[in-house]
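Report on the following structure.
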Amino acid sequence: MNKWYQLSASQVAKKLRVDINHGLSSKEIDDRKKYYGENALQMEQQSAKFILFLKQFQDFMVLILLAATLIAGMLGEYIDAIAIMLIVLLNGCIGFFQEFKAEKSLEKLKSLAAPVAHVLRDGIWVKIPSQDVVVGDIVKISRGDRIPADMRIIQSNTLETEESPLTGESLPVVKTTEKIVQAGLEAQDQSNMGFKGTMVTRGHGVGIVVHVGMHTEMGHIASLMVKTKRLITPLEQRLAELGKILILVALSLTILVVVIGINQGHPVYQMFLAGVSLAVAVIPEGLPAIVTVALSLGVQRMIRKKAIIRQLSAVETLGTASVICSDKTGTMTENKMTVKKLYINNQFLSVSGDGYDLTGHFYLHKKKLAHDVPNLKRMLHYGMVCNHASLNLKGHSTIIEGDPTDAALLVVARKLGLSESDRHQFKLIKEIPFDSERKRMSVVVEDDNGMRFLIVKGAPDVLLPRFTYYLTESGRQVLTSVEKQKIEHAVNDMADQALRTLAIGFKPLQKNDHLNNFQLEKDLTFIGLYGMIDPPRKEVKEAILACKQAGIKTVMITGDHVKTARAIAKQLHLLPEDGLVLEGYELNRLSFAELKEIIDDVYVFARVTPEHKLKIVKAFQEKGHVVAMTGDGVNDAPAIKASNIGISMGISGTDVTKEASSLILMDDNFATIKKAIEEGRNIYDNIRKFVRYLLSSNVGEILVMLFALMMAMPLPLIPVQILWVNLVTDGLPALALGLDQPEDNVMERSPRNPRESIFARGLGYKILSRGFLIGIVTLLAFIIVFQQNNAFLEHARTVAFATLVMAQLIHVFDCRSDSSVFSRNPFENRYLIIAVLSSIFLLLLVIYWAPLQPIFQTTYLFFHDWLLIIGLSMIPTIIFGFSKK
Ligand SMILES: Nc1ncnc2c1ncn2[C@@H]1O[C@H](COP(=O)(O)OP(=O)(O)OP(=O)(O)O)[C@@H](O)[C@H]1O
Ligand SMILES: [Ca+2]
């Protein structure tokens with residue numbers, strides 16, 4: 001049997017029952033998927049729910065508790081043992097529920113960030129998740145793509161791939177379409193095959209999928225690969241370190257309490273259990289889980305705002321961003337190009353019509369053209385031929401496929417009456433594709449008489465030195481420097497009007513001329529200029545202003561002409577009066593030190609190539625900035641990687657830039673960056689909120705026990721009560737704080753210092769001072785009741801227990817803001833209301849439900865008890881709630 005590479009394209013198509021020009025029909029997809037399997041590499045085993053549940057119990061703190069249960073059981077203290085087991089179990093359930101939710105949302109994230117494939121189905125090119133590609137699919141691949149499945153290449157336009165994931169060889173491999181006779185070739189020698197997971201480094205092409213998923217070459221080695229684990233974010237790491245310190249504190253405190261207690265004649269077993277409970281009180285065991293939940297739910301909110309986080313750590317970094325370097329075209333503008341002006345025969349023509357609408361007219365000096373202008377038809381015709389886009393009519397609107405700049409040229413040609421058949425009048429011999437370094441595109445074509453010629457279009461300032469002739473109404477002339485200046489003037493004129501400019505030219509070739517790139521694109525004949533508008537996106541101006549208020553500078557980086565860039569920057573209010581605009585060639589001249597010197601004053605970088613971006617990122621970073629950087633092309637990947645927050649484009653971005661990025665904009669829109677930053681700041685704020693809540697509660701619990709012991713009083717809370725507060729009633733409000741709405745001023749503060757500790761800006765003081773008061777009021781409640789009713793210790797404990805819980809539940813509202821408790825509407829966060837009500841319910845359950853009373857040693861409380869409880873528990877928030885400190 002022949003291998004796929006030994007068959008011709010049509011043999012492969014026949015064998016796989018697919019029409020090369022029509023693709024598969026959507027009806028057969030499901031069957032094929034069933035038959036050949038999913039196009040996914042099964043490297044990861046989903047962790048089973050049961051394992052996730054068990055994982056909740058491997059925690060250090062939980063192990064201590066289980067040990068305590070065991071000891072209690074052995075000593076015959078069954079009630080204690082049962083109570084602790086109950087609490088541990090409940091805590092495990094809450095933890096499981098949280099983590100399960102977090103994992104679910106992270107999974108969803110993964111599927112959203114998954115690469116897409118460009119396939120022909122039912123005769124139409126569509127984008128589908130790579131995972132849904134099936135055997136027989138006709139797939140288009142181009143520069144920057146990861147190839148979605150193993151395929152037999154049937155069309156290659158200077159197609160080259162880099163197959164190092166497969167072969168370890170990083171030199172590009174040229175891909176051809178002819179069948180190979182030789183048998184037994186290894187993957188790296190099958191030059192007419194494209195392999196899943198390898199990257200297209202040049203050109204574009206089409207292939208027929210022959211293997212998917214685990215049956216691909218990559219699938220064979222995937223089974224050897226290790227599972228990729230989620231990286232711990234820096235914040236989670238710092239919290240883990242904090243946790244270790246707290247364990248030490250817990251152990252010392254426990255020993256202290258136990259020693260004091262035994263000294264004062266408390267029973268050893270009771271002191272042992274009190275020590276364990278206090279240790280649990282000190283360790284904020286809920287914290288890591290809640291951080292994960294807050295991060296993952298925040299990430300979900302971002303998805304709703306069209307921002308996909310690829311690395312969880314970006315959530316944190318987003319809040320620290322101080323500079324956003326953004327592309328212009330497509331990110332700040334709509335990337336909906338319409339040719340509005342033409343420059344031809346030393347004259348400007350204007351063109352009517354909006355967007356990609358195919359109707360429009362040509363005007364000379366405001367008068368509609370009655371007859372053809374010399375060279376116009378030729379120019380627009382060539383613009384169609386040297387072009388890589390296509391137009392599809394859908395009802396009354398035109399859908400474009402490919403580069404919008406190219407599409408605009410097709411549209412303007414249609415307005416002159418040129419048709420699709422005119423476009424294919426010539427035979428395509430060779431194409432040198434457009435890229436951001438070359439800033440031009442060329443094709444070599446042959447007409448019916450066998451005459452060959454070259455058509456070039458690209459950035460005018462790049463092409464101008466390559467023009468030696470130009471077309472006038474009376475034919476071809478030598479382009480003198482005076483004439484060159486006229487063209488330059490015309491370019492500046494259009495660019496000042498925020499038009500994007502493109503020059504077009506040609507060159508006749510001899511049949512035996514070498515088609516070497518370097519030789520080809522010179523001694524060209526200039527035909528004319530296109531000027532097209534690309535309107536700024538509506539939301540962008542406002543987003544730039546909002547960023548500015550948030551202390552974040554927006555910088556435009558574009559491959560476009562400096563004047564066009566400046567004009568758009570002005571429209572967007574991005575460029576202040578004294579702001580600088582730098583061009584690519586100036587960047588080349590400046591040393592790194594010189595660039596650093598001025599970079600804080602630069603707002604626009606124009607005519608840059610992707611290599612410049614890296615220099616720009618580094619310069620900003622050395623100035624102490626945290627840089628967010630966007631990019632869409634393959635060569636943007638290094639700069640994206642080097643930036644603190646790499647941002648790629650969901651629609652126009654290549655797979656390679658997406659892989660390098662930590663944030664994907666689903667809508668390619670600059671305004672989405674602003675929303676992501678806002679959300680990033682909010683998530684960090686929320687983490688601070690529940691850190692404050694949990695730790696201040698813990699401080700209160702320890703202090704009440706410590707003070708009572710030092711005053712030689714009975715313990716105000718019994719161990720299971722402390723455990724209950726810690727593991728059950730604290731958890732829900734903390735979680736709800738993780739879901740809190742942003743404060744009004746999130747985008748009015750300057751970016752947070754990335755090195756700042758989580759306790760910065762007064763949080764540490766707040767935790768201690770509030771915790772202290774919570775401890776004091778709890779102790780007071782205990783003392784007051786105990787004095788009145790000396791004989792009934794359990795009653796005093798129950799009042800203290802209720803006061804502790806209520807003081808925390810009131811304080812939780814104060815945790816929502818760094819300023820006064822009244823700065824926010826307490827009912828805004830409905831999760832918090834639900835959480836507080838649930839915690840109150842759990843408290844009442846323990847107090848009033850008879851079966852639980854012996855376990856928690858609680859007694860019924862009366863109206864006057866509640867008056868005392870409520871009064872005392874409001875004190876901490878009344879004293880501190882008004883102040884900012
Ligand atoms: N399809 C194309 N064919 C030929 N030349 C093009 C094409 N697209 C753009 N150009 C020219 O190349 C220049 C640079 O384009 P490039 O795509 O690198 O940057 P950009 O899209 O203008 O800006 P940004 O970097 O903000 O996305 C354009 O100003 C235009 O003159
Ligand atoms: Ca705790």
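Chain labels follow the order of the structure tokens: the first chain is A, the next B, and so on; residue numbering restarts at 1 in every chain, and ligands are counted from 1 in their shown order.
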Neighbouring residues of Ser643 of chain A were defined as those with any atom within 9 Å, considering only C-alpha atoms; residues of the same chain fewer than 5 positions away were excluded. Please report them as a PyMOL selection string.
chain A and resi 614+617-618+621+626-629+638
Please produce a file of the residues just selected, as a short mmCIF file (atom, residue, chain, number, x, y, z; two decimals), in the first residue's frame, where the atoms kept are N, CA, C and O atoms.
```
data_model
loop_
_atom_site.label_atom_id
_atom_site.label_comp_id
_atom_site.auth_asym_id
_atom_site.auth_seq_id
_atom_site.Cartn_x
_atom_site.Cartn_y
_atom_site.Cartn_z
N LEU A 614 10.57 44.97 20.06
CA LEU A 614 11.31 44.40 21.17
C LEU A 614 12.12 45.50 21.86
O LEU A 614 12.15 45.60 23.09
N VAL A 617 9.75 47.70 23.92
CA VAL A 617 9.34 47.04 25.18
C VAL A 617 10.45 47.13 26.20
O VAL A 617 10.24 47.53 27.36
N LYS A 618 11.67 46.78 25.77
CA LYS A 618 12.80 46.75 26.71
C LYS A 618 13.05 48.13 27.28
O LYS A 618 13.33 48.29 28.47
N GLN A 621 10.54 48.98 29.83
CA GLN A 621 10.73 48.17 31.04
C GLN A 621 11.89 48.68 31.86
O GLN A 621 11.82 48.75 33.08
N VAL A 626 5.64 48.61 33.65
CA VAL A 626 5.08 47.29 33.39
C VAL A 626 4.33 47.42 32.08
O VAL A 626 3.40 48.21 31.96
N VAL A 627 4.77 46.67 31.07
CA VAL A 627 4.32 46.92 29.70
C VAL A 627 3.35 45.85 29.21
O VAL A 627 3.63 44.66 29.27
N ALA A 628 2.21 46.31 28.71
CA ALA A 628 1.31 45.43 27.97
C ALA A 628 1.54 45.70 26.49
O ALA A 628 1.60 46.86 26.08
N MET A 629 1.70 44.65 25.70
CA MET A 629 2.06 44.84 24.30
C MET A 629 1.20 43.98 23.40
O MET A 629 1.03 42.79 23.65
N PRO A 638 8.34 37.58 19.64
CA PRO A 638 9.39 37.87 20.63
C PRO A 638 9.05 39.06 21.53
O PRO A 638 9.27 39.00 22.75
#
```
Kindly work out which residues sit at most 7 Å from ligand 1, using only C-alpha atoms and all ligand atoms, and give the list as a PyMOL selection string.
chain A and resi 327-330+403+405-406+434-437+439-441+457-460+500-502+557-561+607+609
So, counting only C-alpha atoms, which residue among A:Arg688, A:Lys541, A:Lys3, A:Arg770 is closest to Lys570 of chain A?
A:Lys541
Expected answer as a PyMOL selection string: residues within 6 Å of ligand 2, only C-alpha atoms and all ligand atoms:
chain A and resi 280-285+698+726
Got a sec to tell me which of segment 543-573 of chain A DSSP assigns to alpha helix (DSSP H), as an MDAnalysis selection string?
chainID A and resid 543:549 562:571
Just write the chosen residues, C-alpha atoms, as an mmCIF file, in the first residue's frame.
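That gives us out-v6.cif:
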```
data_model
loop_
_atom_site.group_PDB
_atom_site.id
_atom_site.type_symbol
_atom_site.label_atom_id
_atom_site.label_comp_id
_atom_site.auth_asym_id
_atom_site.auth_seq_id
_atom_site.Cartn_x
_atom_site.Cartn_y
_atom_site.Cartn_z
ATOM 1 C CA ALA A 543 -10.791 53.815 26.639
ATOM 2 C CA ILE A 544 -7.565 55.760 26.094
ATOM 3 C CA LEU A 545 -8.868 58.543 28.319
ATOM 4 C CA ALA A 546 -9.907 56.060 31.005
ATOM 5 C CA CYS A 547 -6.436 54.499 30.913
ATOM 6 C CA LYS A 548 -4.867 57.911 31.230
ATOM 7 C CA GLN A 549 -6.926 58.621 34.345
ATOM 8 C CA VAL A 562 3.988 58.512 10.077
ATOM 9 C CA LYS A 563 1.477 61.142 8.981
ATOM 10 C CA THR A 564 -1.408 58.696 8.886
ATOM 11 C CA ALA A 565 -0.425 57.482 12.329
ATOM 12 C CA ARG A 566 -0.168 61.016 13.669
ATOM 13 C CA ALA A 567 -3.528 62.010 12.235
ATOM 14 C CA ILE A 568 -5.279 59.014 13.785
ATOM 15 C CA ALA A 569 -3.467 59.526 17.094
ATOM 16 C CA LYS A 570 -4.747 63.101 17.136
ATOM 17 C CA GLN A 571 -8.288 61.952 16.444
#
```
Which residues are near segment 834-837 of chain A? Cut-off 7 Å, only C-alpha atoms, ignore same chain within fewer than 4 positions. Put them as a PDB file with N, CA, C and O atoms, in the first residue's frame.
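The new file part21.pdb reads:
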```pdb
ATOM      1  N   LEU A 732     -18.096  31.276  53.517  1.00  0.00           N
ATOM      2  CA  LEU A 732     -19.009  31.802  52.507  1.00  0.00           C
ATOM      3  C   LEU A 732     -18.860  33.310  52.283  1.00  0.00           C
ATOM      4  O   LEU A 732     -18.750  33.758  51.145  1.00  0.00           O
ATOM      5  N   PRO A 733     -18.836  34.120  53.374  1.00  0.00           N
ATOM      6  CA  PRO A 733     -18.660  35.561  53.131  1.00  0.00           C
ATOM      7  C   PRO A 733     -17.334  35.865  52.437  1.00  0.00           C
ATOM      8  O   PRO A 733     -17.272  36.755  51.584  1.00  0.00           O
ATOM      9  N   ALA A 736     -17.757  35.295  48.869  1.00  0.00           N
ATOM     10  CA  ALA A 736     -18.583  36.349  48.269  1.00  0.00           C
ATOM     11  C   ALA A 736     -17.782  37.624  48.047  1.00  0.00           C
ATOM     12  O   ALA A 736     -17.995  38.343  47.071  1.00  0.00           O
ATOM     13  N   LEU A 809     -19.524  39.151  60.703  1.00  0.00           N
ATOM     14  CA  LEU A 809     -20.469  39.319  59.599  1.00  0.00           C
ATOM     15  C   LEU A 809     -20.807  40.783  59.357  1.00  0.00           C
ATOM     16  O   LEU A 809     -21.218  41.161  58.263  1.00  0.00           O
ATOM     17  N   ARG A 830     -25.025  40.720  45.841  1.00  0.00           N
ATOM     18  CA  ARG A 830     -26.071  39.844  46.380  1.00  0.00           C
ATOM     19  C   ARG A 830     -25.494  38.530  46.904  1.00  0.00           C
ATOM     20  O   ARG A 830     -26.050  37.893  47.785  1.00  0.00           O
ATOM     21  N   PHE A 841     -27.797  31.745  59.458  1.00  0.00           N
ATOM     22  CA  PHE A 841     -28.615  30.543  59.566  1.00  0.00           C
ATOM     23  C   PHE A 841     -27.823  29.410  60.233  1.00  0.00           C
ATOM     24  O   PHE A 841     -28.326  28.736  61.135  1.00  0.00           O
TER      25      PHE A 841
END
```
Of A:Met713, A:Ala117, A:Val134, A:Leu706, the one sitting nearest Thr254 of chain A when using only C-alpha atoms is A:Leu706
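Coordinates place atom CA of Ile399 of chain A at a distance of 25.2 Å from atom CA of Leu376 of chain A.
Distance-wise, atom CA of Asn39 of chain A and atom CA of Asp122 of chain A end up 20.0 Å apart.
Closest to Glu542 of chain A among A:Thr177, A:Asn449, A:Asn375, A:Thr672 is A:Thr672, based on only C-alpha atoms.
Near Leu318 of chain A, within 10 Å and counting only C-alpha atoms, sit Ser313, Ala314, Val315, Glu316, Thr320, Ala321, Ser322, Val626, Val627, Ala628, Asn644, Ile645, Leu663, Ile673, Lys674, Ala676, Ile677, Glu678, Glu679, Gly680, Arg681, Ile683, Tyr684, Pro751, Arg752 and Pro754 of chain A; same-chain residues fewer than 2 positions away were not included.
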In Å, with one decimal, what is the gap from atom CA of Lys368 of chain A to atom CA of Tyr530 of chain A?
18.2 Å
Would you kindly return, as a ChimeraX atom specification, each protein, DNA or RNA residue with an atom no farther than 10 Å from any atom of Thr216 of chain A, considering only C-alpha atoms and excluding same-chain residues fewer than 2 positions away?
/A:39-41,149-151,195-197,210-214,218-222
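With only C-alpha atoms as the atoms that count, the minimum distance from Met711 of chain A to the choices A:Ile878, A:Ile774, A:Ala274, A:Ile783 is reached by A:Ile783.
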Quick one: pick out all strand (DSSP E) residues within segment 429-521 of chain A from a backbone DSSP run and write them as a ChimeraX atom specification.
/A:429-432,440-446,452-458,467-472,475-478,500-509
Shell around Ala240 of chain A at 12 Å using only C-alpha atoms, local window under 6 positions removed, as a count of residues only
13
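Using only C-alpha atoms, the smallest distance between any of A:Ile847, A:Val746, A:Met302, A:Val323 and Ile599 of chain A comes from A:Val323.
Using only C-alpha atoms, the nearest neighbour of Ala781 of chain A within the list A:Leu867, A:Ile138, A:Val699, A:Leu842 is A:Leu867.
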Residue neighbourhood Val445 of chain A, 8 Å, only C-alpha atoms, exclusion window fewer than 2 positions, as a compact mmCIF listing (two decimals) with N, CA, C and O atoms, in the first residue's frame:
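Result went into part.txt, see below:
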```
# COMPACT_ATOMS: atom_id res chain seq x y z
N PHE A 426 -5.04 36.86 -16.09
CA PHE A 426 -3.62 36.50 -16.23
C PHE A 426 -3.32 35.22 -15.49
O PHE A 426 -3.99 34.86 -14.53
N LYS A 427 -2.24 34.58 -15.95
CA LYS A 427 -1.82 33.36 -15.27
C LYS A 427 -0.79 33.72 -14.20
O LYS A 427 0.18 34.43 -14.50
N LEU A 428 -1.00 33.26 -12.99
CA LEU A 428 -0.09 33.59 -11.90
C LEU A 428 1.15 32.71 -11.98
O LEU A 428 1.06 31.48 -11.99
N ILE A 429 2.32 33.33 -12.07
CA ILE A 429 3.57 32.57 -12.16
C ILE A 429 4.25 32.48 -10.80
O ILE A 429 4.75 31.44 -10.40
N LYS A 430 4.22 33.60 -10.09
CA LYS A 430 4.94 33.62 -8.82
C LYS A 430 4.34 34.70 -7.93
O LYS A 430 3.82 35.69 -8.43
N VAL A 443 3.44 40.17 -7.55
CA VAL A 443 3.12 38.95 -8.30
C VAL A 443 3.75 39.02 -9.68
O VAL A 443 3.91 40.11 -10.24
N ASP A 447 0.30 37.10 -19.56
CA ASP A 447 -0.97 37.34 -20.25
C ASP A 447 -1.18 36.32 -21.38
O ASP A 447 -0.37 35.41 -21.56
N ARG A 452 5.19 38.26 -19.88
CA ARG A 452 5.20 38.26 -18.42
C ARG A 452 5.44 39.67 -17.88
O ARG A 452 6.17 40.44 -18.49
N PHE A 453 4.84 39.97 -16.78
CA PHE A 453 5.18 41.21 -16.09
C PHE A 453 4.94 41.09 -14.59
O PHE A 453 4.29 40.17 -14.11
N LEU A 454 5.55 42.05 -13.89
CA LEU A 454 5.51 42.05 -12.44
C LEU A 454 4.57 43.16 -11.98
O LEU A 454 4.59 44.24 -12.54
N ILE A 455 3.75 42.88 -10.99
CA ILE A 455 2.94 43.94 -10.37
C ILE A 455 3.35 44.03 -8.90
O ILE A 455 3.45 43.01 -8.22
```
